[in-house]
Amino acid sequence: MLAVALLLFLFLLADRLDPLPPLSGGYSTLITDRHGTPLRAFADSRGVWRYPVTYTEVSPLYLEALLGYEDRWFYYHPGINPFALARAAVQNLWCGCIVSGGSTLTMQVARLIEPHARSIPGKLRQMRRALQLEWHLSKAQILDLYLNLAPFGGTVEGVQAASYAYLGKSARELSRAEAALLAVLPQSPTRIRPDRQPQRSREARDKVLQRLVDLHIWSAEAVEQARIEPVVARSLELPMVAPLLARRLADQAPQGGEVRTTIDLETQQAVESLVRRSITGLAPRSSVAILVVENATRQVRAYVGSADLFDSSRAGYVDMVRAVRSPGSTLKPFLYALAIEEGLIHSQSLLADVPGLFTEYQPDNFSGGYSGPVSATQALQRSLNIPAVSLLAHYGPERFAARLRNAGLELYLPGDQASLAMVLGGEGVTLEGLVGLYTALANQGLAGSLQYIEGAPPPARRLVSDGAAWIVRHMLAEQARPEHRSALLAVESGRTLAWKTGTSYGYRDAWAIGVNPRYTIGVWVGRPDGTPTPGAYGAVSAAPLLFQLADMLQLGPAPADNMPASVTKADVCWPLGGQESESHGLCTQKHSAWLLDGMAPTTLSPSVEAPWSARPIQYWINPVTGRRVDVGCGPEQREQHAIAPWPPRLEAWLPREQRRLSRLPPWDHACSQAVETFSDPLGLRGVGDQLVLRPAARDGSSPMVTFTPIGGSSELYWLLDGKPLTRTPRGQALNWRFDVEGTHELTVFDTQGRHASVEVLVESASAGE
């Protein structure tokens, strides 16, 4: 008894004076998809590939093969198996060589954490370390150490790394044959490496299988089936999926280990395959970035940071998901949503796409032309710049920037000052920030940061109301794709996609963002160095990729898209903008609009610098002459009338008859003192209200006509049949030849909305015969 106590004292003293060495040398960083499949791995500081795993995360077949072949008394001995040591000693003496070491699994772990020479002192030290391991750790902990430290050839350590490296699967999914192979491989990892010595590997594997039959651990029938399975080991190839995201997350995990992402491997590989097929169509030195985000969770299912990681000509090593770039017009939907929420507009509000609305800032449309009166939906769908800038002037640039930042978007403003240019791309954003913002259109107006790692989602922030988000998403979804598909067919088939493109100044960035009930998809195309790509813009460079992705991801029934209770549909009237039911008959044009909280705001003034009020104009007329009179002039019998005036800036764009109906009648002669005149009217010299043209007698061509404007402001704009024709300086004549037969209307107007027009009838060559 005293001897036992003395031995115990000596053991504890030795344990205190010579404790166990560190039990882990660190792990590689393994980036996996949301199901645990590796995307990319990074070796540890020693260049070793080791993925963390526990005994509960490997196949039970592997544990049976390992313990059955290496140490079937593992759960019963104290770290040393005297019978195994005695058997090994007899075998070695009989052979005159080393046949077996008699090591338990615990002793093997001791050698792995503290390598030693193959000598009697080394074996004794190994045995002492094994006893220490059993004293300090549970059997499960010791087994986990073996599973993570066992050598499997080259720089591969641990069963999880070996399973992925040689078999391309998790250790949880091993078959009997594969389990037997990995159980024996640490005995001689170089001599029987399956990728180099498949025949030797098979012989060693079959030896394990026979041992398991002899010990009645596995049945003969099961082993016979396992023997048929060939040893097919791939060369040590590391996974390389979502490489830039993996690098990003690995940098955030210096301690190593597994980082489980939100990426869906199947979706990621499909997106990467699409990008590889699309590279050939890109301009030289161009790259691509794509994000696919699940709306309900804001979890990223696919992340492509560049066109090709290994293509230095495209700067494939630069992660364009995080690069700060000009967003072009992609922020416009949020301006419209905020304006709807504020009660400034509804989905069919009358907006003005005309020049000269601003004194210091003169934006142009991407097309270079103008459209005159447009609805808010048309302006957003066609990404018209002038209505958007006008709307931002009413809402306020600083306020717009504050709302975006409050929703989580990092805005990089020149001088940190918001301006009217920000709705056209006069700031910097990232693709991930932009996509996070767009998820609000499918998440009841709530935006937030994207989630890349499994776990609790980042908090959401209110961008706009549920109703405003729903209305804008439907405004964007009610447009046909560029390939001229019917938007109605898309809606009826359930394949709705609200989409918006954008192009930065100088063709440096092409964007396309799409939102359907399940996913938000963001696409960026451009050159990472910021140089222009002439002719590359959102609709032709980024949108085709967006639509292919949207079609590819339309799997299964879409989530319900219920209209919020705050949204209703009603008929509204132009030009005043209110509901038809409240128009009192002053409804020049009727449109069906989405309303928020039942509000139908009146038409905004096109320019904040020249206010105009959308109110009916009441007036009296002389029933005899039909001319306008006032209380102080004209007959006592007067008739009261009203008109719905159009904004003066839009009158030039109206058809002649509609223009006439929107004007007040001329004053009665008895009210001459009330006649109104422009301080600087605009007219056309030398032509009346109508002009008739006949082809020349010799060649049948129409004659050239000169139109000389009189008055107006410094720059004049010309329309032919309501479509932009050209612009000229004040006083410069326009020479034009009318080659198309029929009636035409030529209109000239200035930046103040003053205008003049002439009707031109072009007769056929036979008309005068």
# chains A, B, ... in the order shown; residues from 1 in each chain; ligands from 1
$ residues_around --residues "Glu410 (chain A)" --least-positions-apart "5" --cutoff "10 Å" --atoms "only C-alpha atoms" --output "JSON, numbers by chain"
{"A": [324, 401, 404, 405, 428, 429, 430, 432, 433, 434]}
$ write_last_selection --atoms "all heavy atoms" --output "PDB file, in the first residue's frame"
ATOM      1  N   VAL A 324     -15.382  50.853 -53.433  1.00  0.00           N
ATOM      2  CA  VAL A 324     -16.234  52.048 -53.441  1.00  0.00           C
ATOM      3  C   VAL A 324     -16.301  52.581 -54.864  1.00  0.00           C
ATOM      4  O   VAL A 324     -15.284  52.928 -55.456  1.00  0.00           O
ATOM      5  CB  VAL A 324     -15.676  53.121 -52.490  1.00  0.00           C
ATOM      6  CG1 VAL A 324     -16.536  54.382 -52.547  1.00  0.00           C
ATOM      7  CG2 VAL A 324     -15.607  52.584 -51.060  1.00  0.00           C
ATOM      8  N   ALA A 401     -29.580  61.832 -47.851  1.00  0.00           N
ATOM      9  CA  ALA A 401     -28.357  61.168 -47.419  1.00  0.00           C
ATOM     10  C   ALA A 401     -28.499  60.645 -45.989  1.00  0.00           C
ATOM     11  O   ALA A 401     -28.043  59.532 -45.673  1.00  0.00           O
ATOM     12  CB  ALA A 401     -27.177  62.131 -47.521  1.00  0.00           C
ATOM     13  N   LEU A 404     -30.553  57.414 -45.912  1.00  0.00           N
ATOM     14  CA  LEU A 404     -29.793  56.268 -46.423  1.00  0.00           C
ATOM     15  C   LEU A 404     -28.775  55.790 -45.393  1.00  0.00           C
ATOM     16  O   LEU A 404     -28.617  54.583 -45.165  1.00  0.00           O
ATOM     17  CB  LEU A 404     -29.094  56.634 -47.728  1.00  0.00           C
ATOM     18  CG  LEU A 404     -29.999  56.981 -48.918  1.00  0.00           C
ATOM     19  CD1 LEU A 404     -29.151  57.359 -50.127  1.00  0.00           C
ATOM     20  CD2 LEU A 404     -30.939  55.835 -49.267  1.00  0.00           C
ATOM     21  N   ARG A 405     -28.090  56.726 -44.773  1.00  0.00           N
ATOM     22  CA  ARG A 405     -27.097  56.347 -43.767  1.00  0.00           C
ATOM     23  C   ARG A 405     -27.753  55.722 -42.543  1.00  0.00           C
ATOM     24  O   ARG A 405     -27.215  54.777 -41.950  1.00  0.00           O
ATOM     25  CB  ARG A 405     -26.282  57.573 -43.369  1.00  0.00           C
ATOM     26  CG  ARG A 405     -25.201  57.946 -44.389  1.00  0.00           C
ATOM     27  CD  ARG A 405     -24.514  59.242 -44.056  1.00  0.00           C
ATOM     28  NE  ARG A 405     -23.277  59.402 -44.825  1.00  0.00           N
ATOM     29  CZ  ARG A 405     -22.638  60.542 -44.977  1.00  0.00           C
ATOM     30  NH1 ARG A 405     -23.121  61.649 -44.417  1.00  0.00           N
ATOM     31  NH2 ARG A 405     -21.523  60.600 -45.685  1.00  0.00           N
ATOM     32  N   GLY A 428     -19.981  57.774 -53.521  1.00  0.00           N
ATOM     33  CA  GLY A 428     -19.445  56.423 -53.609  1.00  0.00           C
ATOM     34  C   GLY A 428     -20.208  55.468 -52.706  1.00  0.00           C
ATOM     35  O   GLY A 428     -20.595  55.827 -51.590  1.00  0.00           O
ATOM     36  N   VAL A 429     -20.436  54.257 -53.193  1.00  0.00           N
ATOM     37  CA  VAL A 429     -21.057  53.191 -52.411  1.00  0.00           C
ATOM     38  C   VAL A 429     -20.352  51.888 -52.769  1.00  0.00           C
ATOM     39  O   VAL A 429     -19.554  51.827 -53.696  1.00  0.00           O
ATOM     40  CB  VAL A 429     -22.574  53.058 -52.680  1.00  0.00           C
ATOM     41  CG1 VAL A 429     -23.308  54.341 -52.368  1.00  0.00           C
ATOM     42  CG2 VAL A 429     -22.830  52.633 -54.121  1.00  0.00           C
ATOM     43  N   THR A 430     -20.663  50.828 -52.043  1.00  0.00           N
ATOM     44  CA  THR A 430     -20.174  49.491 -52.378  1.00  0.00           C
ATOM     45  C   THR A 430     -21.329  48.627 -52.854  1.00  0.00           C
ATOM     46  O   THR A 430     -22.502  48.917 -52.557  1.00  0.00           O
ATOM     47  CB  THR A 430     -19.518  48.817 -51.165  1.00  0.00           C
ATOM     48  OG1 THR A 430     -20.510  48.648 -50.133  1.00  0.00           O
ATOM     49  CG2 THR A 430     -18.373  49.662 -50.627  1.00  0.00           C
ATOM     50  N   GLU A 432     -22.041  45.647 -51.810  1.00  0.00           N
ATOM     51  CA  GLU A 432     -22.717  45.017 -50.671  1.00  0.00           C
ATOM     52  C   GLU A 432     -23.614  46.017 -49.943  1.00  0.00           C
ATOM     53  O   GLU A 432     -24.691  45.648 -49.460  1.00  0.00           O
ATOM     54  CB  GLU A 432     -21.700  44.392 -49.719  1.00  0.00           C
ATOM     55  CG  GLU A 432     -20.729  45.348 -49.087  1.00  0.00           C
ATOM     56  CD  GLU A 432     -19.697  44.630 -48.227  1.00  0.00           C
ATOM     57  OE1 GLU A 432     -19.838  43.412 -48.011  1.00  0.00           O
ATOM     58  OE2 GLU A 432     -18.744  45.286 -47.770  1.00  0.00           O
ATOM     59  N   GLY A 433     -23.201  47.270 -49.870  1.00  0.00           N
ATOM     60  CA  GLY A 433     -24.053  48.264 -49.250  1.00  0.00           C
ATOM     61  C   GLY A 433     -25.305  48.515 -50.056  1.00  0.00           C
ATOM     62  O   GLY A 433     -26.407  48.660 -49.514  1.00  0.00           O
ATOM     63  N   LEU A 434     -25.156  48.559 -51.370  1.00  0.00           N
ATOM     64  CA  LEU A 434     -26.290  48.810 -52.257  1.00  0.00           C
ATOM     65  C   LEU A 434     -27.286  47.657 -52.208  1.00  0.00           C
ATOM     66  O   LEU A 434     -28.506  47.865 -52.132  1.00  0.00           O
ATOM     67  CB  LEU A 434     -25.777  49.016 -53.679  1.00  0.00           C
ATOM     68  CG  LEU A 434     -26.685  49.737 -54.675  1.00  0.00           C
ATOM     69  CD1 LEU A 434     -27.092  51.103 -54.156  1.00  0.00           C
ATOM     70  CD2 LEU A 434     -25.972  49.873 -56.018  1.00  0.00           C
TER      71      LEU A 434
END
$ residues_around --residues "Pro459 (chain A)" --least-positions-apart "3" --cutoff "10 Å" --atoms "only C-alpha atoms" --output "ChimeraX atom specification"
/A:408,446-450,456
$ write_last_selection --atoms "N, CA and C atoms" --output "short mmCIF file (atom, residue, chain, number, x, y, z; two decimals), in the first residue's frame"
data_model
loop_
_atom_site.label_atom_id
_atom_site.label_comp_id
_atom_site.auth_asym_id
_atom_site.auth_seq_id
_atom_site.Cartn_x
_atom_site.Cartn_y
_atom_site.Cartn_z
N GLY A 408 -28.18 52.15 -42.83
CA GLY A 408 -26.99 51.31 -42.83
C GLY A 408 -26.09 51.46 -44.02
N LEU A 446 -37.45 47.39 -44.47
CA LEU A 446 -36.34 47.25 -43.53
C LEU A 446 -35.07 46.85 -44.28
N ALA A 447 -34.01 47.63 -44.10
CA ALA A 447 -32.72 47.35 -44.71
C ALA A 447 -31.74 46.94 -43.63
N GLY A 448 -30.55 46.55 -44.03
CA GLY A 448 -29.54 46.17 -43.05
C GLY A 448 -28.31 45.60 -43.70
N SER A 449 -27.30 45.36 -42.88
CA SER A 449 -26.06 44.77 -43.37
C SER A 449 -26.31 43.33 -43.79
N LEU A 450 -25.51 42.87 -44.74
CA LEU A 450 -25.62 41.50 -45.22
C LEU A 450 -24.93 40.55 -44.24
N ALA A 456 -26.56 34.74 -35.51
CA ALA A 456 -27.63 35.72 -35.35
C ALA A 456 -27.51 36.78 -36.43
#
$ select_by_dssp --residues "region 84-222 of chain A" --states "helix (DSSP H, G or I)" --output "PyMOL selection string"
chain A and resi 84-95+105-113+120-136+139-149+159-167+171-173+176-187+198-214+220-222
$ residues_around --residues "region 568-584 of chain A" --least-positions-apart "3" --cutoff "7 Å" --atoms "only C-alpha atoms" --output "list in words"
Ser349, Leu350, Cys587, Thr588, Gln589, Lys590, His591, Ser592, Ala593, Trp594, Leu595, Leu596, Gly598, Ala600, Pro601, Thr602, Thr603, Ala614, Arg615, Ala644, Pro645 and Trp646 of chain A
$ select_by_dssp --residues "region 543-763 of chain A" --states "strand (DSSP E or B)" --output "ChimeraX atom specification"
/A:567-574,579,589-596,599,617-621,628-629,639-643,667,682-685,690-693,704-711,715-720,723-729,734-737,742-750,755-762
$ residues_around --residues "Phe42 (chain A)" --least-positions-apart "2" --cutoff "7 Å" --atoms "only C-alpha atoms" --output "list of chain:residue names"
A:Ser28, A:Thr29, A:Leu30, A:Arg40, A:Asp44
$ closest_residue --among "A:Gly502, A:Gly68, A:Gly526, A:Pro517" --to "Thr439 (chain A)" --atoms "only C-alpha atoms"
A:Pro517
$ residues_around --residues "Arg129 (chain A)" --least-positions-apart "3" --cutoff "6 Å" --atoms "only C-alpha atoms" --output "list in words"
Ala110, Gln126 and Gln132 of chain A
$ residues_around --residues "region 295-309 of chain A" --least-positions-apart "4" --cutoff "6 Å" --atoms "only C-alpha atoms" --output "list in words"
Leu244, Thr262, Ile263, Asp264, Gln268, Ser287, Val288, Ala289, Ile290, Leu291, Gly316, Tyr317, Asp319, Met320, Val321, Thr439, Leu450, Gln451, Tyr452, Arg518 and Tyr519 of chain A
$ residues_around --residues "Val53 (chain A)" --least-positions-apart "6" --cutoff "10 Å" --atoms "only C-alpha atoms" --output "ChimeraX atom specification"
/A:144-145,147-148,158-161,171-172,257-258
